[in-house]
$ cat coords-v8.pdb   # PDB, C-alpha atoms
ATOM      1  CA  MET A   1       0.000   0.000   0.000
ATOM      2  CA  ALA A   2       1.029   3.616  -0.410
ATOM      3  CA  ASN A   3       3.091   5.472   2.209
ATOM      4  CA  HIS A   4       0.708   8.433   2.387
ATOM      5  CA  ILE A   5      -2.735   8.970   0.860
ATOM      6  CA  THR A   6      -4.352  12.383   0.523
ATOM      7  CA  PHE A   7      -8.084  12.701  -0.059
ATOM      8  CA  ILE A   8      -9.121  15.932  -1.730
ATOM      9  CA  GLY A   9     -12.587  16.165  -0.248
ATOM     10  CA  ALA A  10     -13.914  14.686   2.973
ATOM     11  CA  GLY A  11     -17.513  13.813   2.108
ATOM     12  CA  ASN A  12     -19.371  10.552   2.650
ATOM     13  CA  MET A  13     -17.555   8.475   0.034
ATOM     14  CA  ALA A  14     -14.102   9.694   1.070
ATOM     15  CA  SER A  15     -14.945   9.038   4.718
ATOM     16  CA  ALA A  16     -16.173   5.537   3.881
ATOM     17  CA  ILE A  17     -12.978   4.661   2.025
ATOM     18  CA  ILE A  18     -10.815   6.124   4.793
ATOM     19  CA  GLY A  19     -12.731   4.137   7.401
ATOM     20  CA  GLY A  20     -12.345   0.972   5.345
ATOM     21  CA  LEU A  21      -8.609   1.524   4.971
ATOM     22  CA  ILE A  22      -8.179   1.983   8.717
ATOM     23  CA  ASP A  23     -10.295  -1.094   9.455
ATOM     24  CA  SER A  24      -8.064  -3.097   7.110
ATOM     25  CA  GLY A  25      -4.938  -2.023   8.983
ATOM     26  CA  PHE A  26      -3.774   1.158   7.251
ATOM     27  CA  SER A  27      -2.421   3.712   9.715
ATOM     28  CA  PRO A  28      -4.533   6.856  10.258
ATOM     29  CA  SER A  29      -1.291   8.822  10.513
ATOM     30  CA  SER A  30      -0.658   8.039   6.833
ATOM     31  CA  ILE A  31      -3.918   9.589   5.649
ATOM     32  CA  THR A  32      -4.806  13.243   5.080
ATOM     33  CA  ALA A  33      -8.185  14.650   4.062
ATOM     34  CA  THR A  34      -8.779  18.189   2.880
ATOM     35  CA  SER A  35     -11.647  20.651   2.704
ATOM     36  CA  PRO A  36     -11.721  24.451   2.487
ATOM     37  CA  ASP A  37     -13.891  24.442   5.622
ATOM     38  CA  ASP A  38     -12.221  23.086   8.769
ATOM     39  CA  ALA A  39     -15.657  22.621  10.338
ATOM     40  CA  MET A  40     -16.270  19.915   7.717
ATOM     41  CA  LEU A  41     -12.986  18.238   8.635
ATOM     42  CA  ALA A  42     -13.389  18.205  12.416
ATOM     43  CA  PRO A  43     -15.798  15.206  12.566
ATOM     44  CA  VAL A  44     -13.563  13.117  10.262
ATOM     45  CA  ARG A  45     -10.431  14.080  12.199
ATOM     46  CA  GLU A  46     -11.979  13.284  15.564
ATOM     47  CA  ARG A  47     -13.708  10.059  14.520
ATOM     48  CA  LEU A  48     -10.936   8.533  12.404
ATOM     49  CA  GLY A  49      -7.800  10.133  13.822
ATOM     50  CA  ILE A  50      -6.384  11.195  10.460
ATOM     51  CA  HIS A  51      -4.549  14.354   9.453
ATOM     52  CA  THR A  52      -6.646  17.120   7.930
ATOM     53  CA  ASP A  53      -5.748  20.285   6.063
ATOM     54  CA  THR A  54      -7.533  23.199   4.418
ATOM     55  CA  ASP A  55      -4.643  23.605   1.951
ATOM     56  CA  ASN A  56      -4.812  21.146  -0.951
ATOM     57  CA  ASN A  57      -1.320  22.007  -2.173
ATOM     58  CA  ALA A  58       0.269  21.330   1.200
ATOM     59  CA  ALA A  59      -1.578  18.002   1.454
ATOM     60  CA  VAL A  60      -0.564  16.932  -2.054
ATOM     61  CA  SER A  61       3.090  17.733  -1.413
ATOM     62  CA  GLN A  62       3.436  14.802   1.009
ATOM     63  CA  ALA A  63       1.313  12.227  -0.836
ATOM     64  CA  ASP A  64       2.177   9.385  -3.168
ATOM     65  CA  VAL A  65      -1.553   8.781  -3.787
ATOM     66  CA  VAL A  66      -4.122  11.547  -4.232
ATOM     67  CA  VAL A  67      -7.819  10.634  -4.274
ATOM     68  CA  LEU A  68     -10.017  13.226  -5.955
ATOM     69  CA  ALA A  69     -13.296  13.071  -4.038
ATOM     70  CA  VAL A  70     -14.947  16.391  -4.898
ATOM     71  CA  LYS A  71     -18.079  17.050  -6.914
ATOM     72  CA  PRO A  72     -17.573  16.892 -10.701
ATOM     73  CA  GLN A  73     -18.879  20.446 -11.068
ATOM     74  CA  ILE A  74     -15.923  21.895  -9.121
ATOM     75  CA  MET A  75     -13.274  19.396 -10.230
ATOM     76  CA  ARG A  76     -11.670  21.696 -12.799
ATOM     77  CA  GLN A  77     -11.276  24.541 -10.324
ATOM     78  CA  VAL A  78      -9.803  22.207  -7.698
ATOM     79  CA  CYS A  79      -7.419  20.464 -10.095
ATOM     80  CA  GLU A  80      -6.089  23.608 -11.724
ATOM     81  CA  ALA A  81      -5.427  25.197  -8.330
ATOM     82  CA  MET A  82      -3.145  22.318  -7.308
ATOM     83  CA  ARG A  83      -1.640  21.603 -10.729
ATOM     84  CA  ASP A  84       1.879  22.741  -9.832
ATOM     85  CA  SER A  85       1.961  20.663  -6.648
ATOM     86  CA  VAL A  86       0.801  17.579  -8.532
ATOM     87  CA  GLN A  87       3.424  18.141 -11.233
ATOM     88  CA  ARG A  88       6.194  18.393  -8.630
ATOM     89  CA  GLN A  89       5.056  15.400  -6.575
ATOM     90  CA  LYS A  90       3.730  13.150  -9.388
ATOM     91  CA  PRO A  91       1.481  11.012  -7.151
ATOM     92  CA  LEU A  92      -0.907   8.360  -8.392
ATOM     93  CA  ILE A  93      -4.211  10.155  -9.021
ATOM     94  CA  ILE A  94      -7.442   8.290  -8.301
ATOM     95  CA  SER A  95     -10.672  10.038  -9.279
ATOM     96  CA  ILE A  96     -13.993   8.867  -7.865
ATOM     97  CA  ALA A  97     -15.908  11.661  -9.628
ATOM     98  CA  ALA A  98     -18.596  10.505 -12.045
ATOM     99  CA  GLY A  99     -18.700  11.729 -15.615
ATOM    100  CA  LEU A 100     -15.166  13.099 -16.031
ATOM    101  CA  ASP A 101     -12.822  11.129 -18.269
ATOM    102  CA  ALA A 102      -9.181  10.460 -17.459
ATOM    103  CA  ASP A 103      -7.731  12.706 -20.180
ATOM    104  CA  THR A 104      -9.815  15.684 -19.065
ATOM    105  CA  ILE A 105      -8.747  15.368 -15.430
ATOM    106  CA  ASP A 106      -5.139  14.725 -16.438
ATOM    107  CA  GLY A 107      -5.171  17.883 -18.577
ATOM    108  CA  TRP A 108      -6.494  19.987 -15.696
ATOM    109  CA  LEU A 109      -3.637  18.638 -13.567
ATOM    110  CA  GLY A 110      -1.008  19.588 -16.146
ATOM    111  CA  GLY A 111      -0.727  16.286 -18.027
ATOM    112  CA  GLY A 112       1.545  13.274 -17.803
ATOM    113  CA  ASN A 113      -0.044  11.850 -14.646
ATOM    114  CA  ALA A 114      -0.659   8.239 -13.663
ATOM    115  CA  LEU A 115      -4.432   8.308 -13.262
ATOM    116  CA  VAL A 116      -7.087   5.791 -12.271
ATOM    117  CA  ARG A 117     -10.792   6.472 -12.727
ATOM    118  CA  CYS A 118     -13.067   4.756 -10.270
ATOM    119  CA  MET A 119     -16.840   4.318 -10.444
ATOM    120  CA  PRO A 120     -17.932   3.325  -6.917
ATOM    121  CA  ASN A 121     -21.488   3.003  -5.646
ATOM    122  CA  THR A 122     -23.290   4.017  -2.473
ATOM    123  CA  PRO A 123     -23.153   0.590  -0.735
ATOM    124  CA  SER A 124     -19.455   1.448  -0.315
ATOM    125  CA  LEU A 125     -20.712   3.526   2.605
ATOM    126  CA  VAL A 126     -21.539   0.288   4.455
ATOM    127  CA  GLY A 127     -18.612  -1.795   3.188
ATOM    128  CA  TYR A 128     -20.509  -3.588   0.415
ATOM    129  CA  GLY A 129     -19.474  -1.485  -2.559
ATOM    130  CA  ALA A 130     -18.868  -2.536  -6.138
ATOM    131  CA  SER A 131     -16.343  -0.371  -7.978
ATOM    132  CA  GLY A 132     -15.275  -0.345 -11.614
ATOM    133  CA  LEU A 133     -11.729   0.904 -12.260
ATOM    134  CA  PHE A 134      -9.833   2.077 -15.349
ATOM    135  CA  ALA A 135      -6.139   2.965 -15.491
ATOM    136  CA  ASN A 136      -4.424   5.155 -18.064
ATOM    137  CA  THR A 137      -1.192   3.962 -19.677
ATOM    138  CA  ARG A 138       1.035   5.713 -17.117
ATOM    139  CA  VAL A 139      -0.245   3.626 -14.201
ATOM    140  CA  SER A 140       2.300   1.002 -13.151
ATOM    141  CA  THR A 141       1.454  -2.503 -11.971
ATOM    142  CA  GLU A 142       2.320  -1.476  -8.428
ATOM    143  CA  GLN A 143       0.050   1.570  -8.634
ATOM    144  CA  ARG A 144      -2.744  -0.572 -10.041
ATOM    145  CA  ASP A 145      -2.383  -2.857  -7.018
ATOM    146  CA  ILE A 146      -2.550   0.165  -4.710
ATOM    147  CA  ALA A 147      -5.796   1.319  -6.335
ATOM    148  CA  THR A 148      -7.235  -2.186  -6.018
ATOM    149  CA  GLU A 149      -6.342  -2.413  -2.331
ATOM    150  CA  LEU A 150      -7.717   1.045  -1.649
ATOM    151  CA  MET A 151     -11.129   0.370  -3.173
ATOM    152  CA  GLU A 152     -11.330  -3.204  -1.834
ATOM    153  CA  ALA A 153     -11.428  -1.562   1.599
ATOM    154  CA  VAL A 154     -15.113  -0.830   0.883
ATOM    155  CA  GLY A 155     -16.161  -3.727  -1.373
ATOM    156  CA  ILE A 156     -15.241  -5.543  -4.569
ATOM    157  CA  VAL A 157     -13.247  -4.204  -7.507
ATOM    158  CA  GLU A 158     -13.517  -4.948 -11.228
ATOM    159  CA  TRP A 159     -11.063  -3.473 -13.753
ATOM    160  CA  VAL A 160     -12.009  -2.544 -17.323
ATOM    161  CA  ASP A 161      -9.478  -2.079 -20.126
ATOM    162  CA  ASP A 162     -11.603   0.404 -22.093
ATOM    163  CA  GLU A 163     -12.583   3.611 -20.303
ATOM    164  CA  ALA A 164     -15.855   3.739 -22.243
ATOM    165  CA  LEU A 165     -16.923   0.607 -20.357
ATOM    166  CA  LEU A 166     -17.194   2.664 -17.171
ATOM    167  CA  ASP A 167     -20.522   3.843 -18.609
ATOM    168  CA  ALA A 168     -21.661   0.228 -18.537
ATOM    169  CA  VAL A 169     -20.307  -0.104 -14.998
ATOM    170  CA  THR A 170     -22.406   2.926 -14.065
ATOM    171  CA  ALA A 171     -25.477   1.151 -15.436
ATOM    172  CA  VAL A 172     -24.695  -2.220 -13.829
ATOM    173  CA  SER A 173     -23.521  -1.094 -10.390
ATOM    174  CA  GLY A 174     -23.014   2.668 -10.037
ATOM    175  CA  SER A 175     -26.685   3.598 -10.381
ATOM    176  CA  ALA A 176     -28.041   0.142  -9.654
ATOM    177  CA  PRO A 177     -28.687   0.447  -5.909
ATOM    178  CA  ALA A 178     -31.619   2.673  -6.858
ATOM    179  CA  TYR A 179     -33.040  -0.101  -9.067
ATOM    180  CA  PHE A 180     -33.216  -2.379  -6.043
ATOM    181  CA  PHE A 181     -34.614   0.356  -3.808
ATOM    182  CA  LEU A 182     -37.373   0.848  -6.385
ATOM    183  CA  MET A 183     -38.093  -2.879  -6.285
ATOM    184  CA  PHE A 184     -38.267  -2.806  -2.465
ATOM    185  CA  GLU A 185     -40.662   0.123  -2.732
ATOM    186  CA  ALA A 186     -42.872  -1.691  -5.230
ATOM    187  CA  MET A 187     -42.869  -4.924  -3.218
ATOM    188  CA  GLU A 188     -43.782  -3.056  -0.047
ATOM    189  CA  GLU A 189     -46.667  -1.291  -1.793
ATOM    190  CA  ALA A 190     -47.939  -4.585  -3.216
ATOM    191  CA  GLY A 191     -47.638  -6.277   0.178
ATOM    192  CA  VAL A 192     -49.685  -3.510   1.795
ATOM    193  CA  LYS A 193     -52.390  -3.922  -0.849
ATOM    194  CA  MET A 194     -52.458  -7.622   0.054
ATOM    195  CA  GLY A 195     -53.009  -6.761   3.719
ATOM    196  CA  LEU A 196     -49.528  -6.737   5.282
ATOM    197  CA  PRO A 197     -48.356  -3.888   7.503
ATOM    198  CA  ALA A 198     -45.911  -1.703   5.571
ATOM    199  CA  ALA A 199     -43.049  -2.335   8.019
ATOM    200  CA  THR A 200     -43.545  -6.097   7.771
ATOM    201  CA  ALA A 201     -43.583  -6.073   3.975
ATOM    202  CA  ARG A 202     -40.467  -3.893   3.904
ATOM    203  CA  ARG A 203     -38.480  -6.105   6.288
ATOM    204  CA  LEU A 204     -39.452  -9.250   4.407
ATOM    205  CA  ALA A 205     -38.527  -7.774   1.015
ATOM    206  CA  ILE A 206     -35.172  -6.407   2.157
ATOM    207  CA  GLN A 207     -34.165  -9.559   4.045
ATOM    208  CA  THR A 208     -35.155 -11.710   1.069
ATOM    209  CA  ALA A 209     -33.017  -9.583  -1.239
ATOM    210  CA  LEU A 210     -30.098  -9.874   1.174
ATOM    211  CA  GLY A 211     -30.532 -13.635   1.314
ATOM    212  CA  ALA A 212     -30.816 -13.991  -2.461
ATOM    213  CA  ALA A 213     -27.716 -11.846  -3.017
ATOM    214  CA  THR A 214     -25.768 -13.871  -0.462
ATOM    215  CA  MET A 215     -26.819 -17.131  -2.082
ATOM    216  CA  ALA A 216     -25.857 -15.849  -5.527
ATOM    217  CA  LYS A 217     -22.475 -14.659  -4.275
ATOM    218  CA  GLN A 218     -21.650 -17.893  -2.479
ATOM    219  CA  SER A 219     -22.994 -20.300  -5.106
ATOM    220  CA  ASP A 220     -21.113 -21.650  -8.097
ATOM    221  CA  LYS A 221     -24.415 -21.709 -10.017
ATOM    222  CA  ASP A 222     -25.493 -18.910 -12.349
ATOM    223  CA  PRO A 223     -28.564 -16.780 -11.560
ATOM    224  CA  ALA A 224     -30.692 -18.615 -14.130
ATOM    225  CA  THR A 225     -30.065 -21.922 -12.359
ATOM    226  CA  LEU A 226     -30.676 -20.438  -8.919
ATOM    227  CA  LYS A 227     -33.955 -18.988 -10.184
ATOM    228  CA  GLN A 228     -34.998 -22.338 -11.595
ATOM    229  CA  ASN A 229     -34.191 -24.045  -8.295
ATOM    230  CA  VAL A 230     -36.796 -21.868  -6.545
ATOM    231  CA  MET A 231     -39.481 -22.720  -9.091
ATOM    232  CA  SER A 232     -41.706 -25.791  -8.939
ATOM    233  CA  PRO A 233     -43.777 -26.782 -11.984
ATOM    234  CA  GLY A 234     -47.203 -25.192 -11.668
ATOM    235  CA  GLY A 235     -46.196 -23.502  -8.399
ATOM    236  CA  THR A 236     -46.423 -19.975  -7.065
ATOM    237  CA  THR A 237     -42.923 -18.857  -8.077
ATOM    238  CA  GLU A 238     -43.397 -20.115 -11.625
ATOM    239  CA  GLN A 239     -46.548 -18.014 -11.912
ATOM    240  CA  ALA A 240     -44.797 -14.892 -10.640
ATOM    241  CA  ILE A 241     -41.794 -15.333 -12.943
ATOM    242  CA  ALA A 242     -44.044 -16.007 -15.931
ATOM    243  CA  HIS A 243     -45.861 -12.732 -15.259
ATOM    244  CA  LEU A 244     -42.567 -10.810 -14.996
ATOM    245  CA  GLU A 245     -41.339 -12.343 -18.250
ATOM    246  CA  ASP A 246     -44.630 -11.565 -20.011
ATOM    247  CA  ALA A 247     -44.324  -7.968 -18.787
ATOM    248  CA  ASN A 248     -40.892  -7.814 -20.456
ATOM    249  CA  LEU A 249     -38.904  -7.189 -17.289
ATOM    250  CA  ARG A 250     -35.683  -8.031 -19.146
ATOM    251  CA  GLY A 251     -36.386  -5.519 -21.897
ATOM    252  CA  THR A 252     -37.387  -2.857 -19.393
ATOM    253  CA  MET A 253     -34.207  -3.415 -17.401
ATOM    254  CA  GLU A 254     -32.040  -3.279 -20.516
ATOM    255  CA  ALA A 255     -33.711  -0.071 -21.676
ATOM    256  CA  ALA A 256     -33.225   1.510 -18.250
ATOM    257  CA  MET A 257     -29.542   0.570 -18.190
ATOM    258  CA  GLN A 258     -29.036   1.872 -21.738
ATOM    259  CA  ALA A 259     -30.629   5.165 -20.688
ATOM    260  CA  CYS A 260     -28.317   5.296 -17.684
ATOM    261  CA  ALA A 261     -25.199   4.708 -19.807
ATOM    262  CA  LYS A 262     -26.332   7.258 -22.395
ATOM    263  CA  ARG A 263     -26.809   9.889 -19.701
ATOM    264  CA  ALA A 264     -23.329   9.118 -18.335
ATOM    265  CA  GLN A 265     -21.914   9.831 -21.801
ATOM    266  CA  GLU A 266     -23.863  13.084 -22.056
ATOM    267  CA  MET A 267     -22.706  14.198 -18.622
ATOM    268  CA  ALA A 268     -19.084  13.535 -19.533
ATOM    269  CA  LYS A 269     -19.393  15.914 -22.496
ATOM    270  CA  GLU A 270     -21.187  18.547 -20.441
ATOM    271  CA  LEU A 271     -18.693  18.471 -17.584
ATOM    272  CA  SER A 272     -15.597  18.479 -19.787
ATOM    273  CA  GLY A 273     -16.935  21.142 -22.145
ATOM    274  CA  THR A 274     -16.702  18.813 -25.140
ATOM    275  CA  PRO A 275     -19.130  19.818 -27.935
TER     276      PRO A 275
END

$ encode --input "coords-v8.pdb" --output "C-alpha cells"
Amino acid sequence: MANHITFIGAGNMASAIIGGLIDSGFSPSSITATSPDDAMLAPVRERLGIHTDTDNNAAVSQADVVVLAVKPQIMRQVCEAMRDSVQRQKPLIISIAAGLDADTIDGWLGGGNALVRCMPNTPSLVGYGASGLFANTRVSTEQRDIATELMEAVGIVEWVDDEALLDAVTAVSGSAPAYFFLMFEAMEEAGVKMGLPAATARRLAIQTALGAATMAKQSDKDPATLKQNVMSPGGTTEQAIAHLEDANLRGTMEAAMQACAKRAQEMAKELSGTP
C-alpha cells in the first residue's frame, strides 16, 4: 500500500474509504483529508484520527496517492489550483468523480499523470461497494495494485481495459442500488395492498433480497439456475416469474440501463466542455 494517501474532499464516500482503509490495517497517521472548511474536517479528524488540512497544495506535497473526491462540477477549479503541486510530486491520481474522463482530469492537472478512474457506488458507505476501475497507460502494476487495495477496503473491484466501459459499470452497479430500492418500494406497496403492515412487507422484502444476493455470491451456479431451483412446476414462483417475463422485465431493465449509460456519456461531455 502507499506510504501516504491524501483525499481531496472529505464527504461521505471519502470518509467511507478512509474508514475501510483503517479497518483493514492502514495507519490513520498516513492519511490526510482536505476541505476548504475546517468545520467539515473536524468530525472526520476526531472520529478517524487522520490528518486534515484546508490547503490542498500542502496536502498533495506529502502524498504518493491523491484521491479526488470532490463534486464533478468543481473538479476543474480544484485540479487547476493544485496543478503545480501535482506536477512536482507526481502522485498516483485516483478520481472517484462521475462523468469526467481520465484525459480531461489529467489535462487539468497539467498532463503526464498516472491516473485511475473509479466508479464506486453508495453501498461502499456500508462496506458492500462494487467499484469499476480504469487505469491510463502511465499507471504502473504497483500503482494498479494500490488502487485495487484502496477500493477493496469498501467492497469488490472490477477493472475494465476500455474507459468507455465505465458507462456500462455505471449502469450495472453505479446507479443500480436505486433499481433495487425501487423494487423494495414496489414490493412493499404490493404487500400492503395484500393486507400486510408496511413495516412487515419492507423487512421481508429487504431480508429476502439480502438472502438472495448472499446465495448468488456464495454459489457456483449462475442466476438462471438459482432462479430455476426456486421454481416448482405449476407452483407460485413459476406463476410470478411467468408474469414478470410476459411484462418484459428483461427488456425494461435493458432499456433503463441503456438510458443510464447514455446519460453518463452526455454528462461527460457537459462536464468536460466537449461539444

$ residues_around --input "coords-v8.pdb" --residues "Ala114 in chain A" --least-positions-apart "3" --cutoff "6 Å" --atoms "all atoms listed in the file" --output "list in words"
Leu92, Arg138 and Val139 of chain A

$ residues_around --input "coords-v8.pdb" --residues "Lys90 in chain A" --least-positions-apart "4" --cutoff "12 Å" --atoms "all atoms listed in the file" --output "list of chain:residue names"
A:Val60, A:Ser61, A:Gln62, A:Ala63, A:Asp64, A:Val65, A:Val66, A:Met82, A:Arg83, A:Asp84, A:Ser85, A:Val86, A:Asp106, A:Leu109, A:Gly110, A:Gly111, A:Gly112, A:Asn113, A:Ala114, A:Leu115, A:Arg138, A:Val139

$ closest_residue --input "coords-v8.pdb" --among "A:Ser24, A:Gln73, A:Arg203, A:Ala10" --to "Gly155 in chain A" --atoms "all atoms listed in the file"
A:Ser24

$ atom_distance --input "coords-v8.pdb" --atom1 "CA of Leu271 in chain A" --atom2 "CA of Ile94 in chain A"
17.8 Å

$ resolve_selection --input "coords-v8.pdb" --expression "the PyMOL selection byres ((chain A and resi 48-52) around 6)" --output "number ranges by chain"
A: 28-29, 31-34, 44-47, 53

$ residues_around --input "coords-v8.pdb" --residues "Leu166 in chain A" --least-positions-apart "6" --cutoff "8 Å" --atoms "all atoms listed in the file" --output "short mmCIF file (atom, residue, chain, number, x, y, z; two decimals) with C-alpha atoms, in the frame of the given file"
data_model
loop_
_atom_site.label_atom_id
_atom_site.label_comp_id
_atom_site.auth_asym_id
_atom_site.auth_seq_id
_atom_site.Cartn_x
_atom_site.Cartn_y
_atom_site.Cartn_z
CA MET A 119 -16.84 4.32 -10.44
CA GLY A 132 -15.28 -0.34 -11.61
CA LEU A 133 -11.73 0.90 -12.26
CA PHE A 134 -9.83 2.08 -15.35
CA VAL A 160 -12.01 -2.54 -17.32
#

$ closest_residue --input "coords-v8.pdb" --among "A:Pro43, A:Gly99, A:Gly129, A:Gly11" --to "Gln265 in chain A" --atoms "all atoms listed in the file"
A:Gly99

$ closest_residue --input "coords-v8.pdb" --among "A:Leu21, A:Val67, A:Val230, A:Val172" --to "Glu254 in chain A" --atoms "all atoms listed in the file"
A:Val172

$ atom_distance --input "coords-v8.pdb" --atom1 "CA of Ser95 in chain A" --atom2 "CA of Glu80 in chain A"
14.5 Å

$ atom_distance --input "coords-v8.pdb" --atom1 "CA of Pro120 in chain A" --atom2 "CA of Ile96 in chain A"
6.9 Å

$ resolve_selection --input "coords-v8.pdb" --expression "the PyMOL selection byres ((chain A and resi 54) around 10)" --output "list of chain:residue names"
A:Ile8, A:Gly9, A:Ala33, A:Thr34, A:Ser35, A:Pro36, A:Asp37, A:Asp38, A:Met40, A:Leu41, A:Thr52, A:Asp53, A:Asp55, A:Asn56, A:Asn57, A:Ala58, A:Ala59

$ write_last_selection --input "coords-v8.pdb" --atoms "C-alpha atoms" --output "compact mmCIF listing (two decimals), in the frame of the given file"
# COMPACT_ATOMS: atom_id res chain seq x y z
CA ILE A 8 -9.12 15.93 -1.73
CA GLY A 9 -12.59 16.16 -0.25
CA ALA A 33 -8.18 14.65 4.06
CA THR A 34 -8.78 18.19 2.88
CA SER A 35 -11.65 20.65 2.70
CA PRO A 36 -11.72 24.45 2.49
CA ASP A 37 -13.89 24.44 5.62
CA ASP A 38 -12.22 23.09 8.77
CA MET A 40 -16.27 19.92 7.72
CA LEU A 41 -12.99 18.24 8.64
CA THR A 52 -6.65 17.12 7.93
CA ASP A 53 -5.75 20.28 6.06
CA ASP A 55 -4.64 23.60 1.95
CA ASN A 56 -4.81 21.15 -0.95
CA ASN A 57 -1.32 22.01 -2.17
CA ALA A 58 0.27 21.33 1.20
CA ALA A 59 -1.58 18.00 1.45

$ closest_residue --input "coords-v8.pdb" --among "A:Lys193, A:Met183, A:Ala264, A:Val157" --to "Ala209 in chain A" --atoms "all atoms listed in the file"
A:Met183

$ closest_residue --input "coords-v8.pdb" --among "A:Ala205, A:Val154, A:Leu165, A:Met267" --to "Phe180 in chain A" --atoms "only C-alpha atoms"
A:Ala205

$ closest_residue --input "coords-v8.pdb" --among "A:Thr137, A:Phe184, A:Gly107, A:Pro233" --to "Gln87 in chain A" --atoms "all atoms listed in the file"
A:Gly107

$ residues_near_point --input "coords-v8.pdb" --point "(-13.0, 18.5, -12.1)" --cutoff "9 Å" --atoms "all atoms listed in the file" --output "list in words"
Leu68, Val70, Lys71, Pro72, Gln73, Ile74, Met75, Arg76, Gln77, Val78, Cys79, Glu80, Ala97, Leu100, Thr104, Ile105, Trp108, Leu271 and Ser272 of chain A

$ residues_around --input "coords-v8.pdb" --residues "Glu152 in chain A" --least-positions-apart "4" --cutoff "9 Å" --atoms "only C-alpha atoms" --output "list in words"
Ile17, Gly20, Leu21, Gly127, Gly129, Ala130, Ser131, Ala147, Thr148, Ile156 and Val157 of chain A
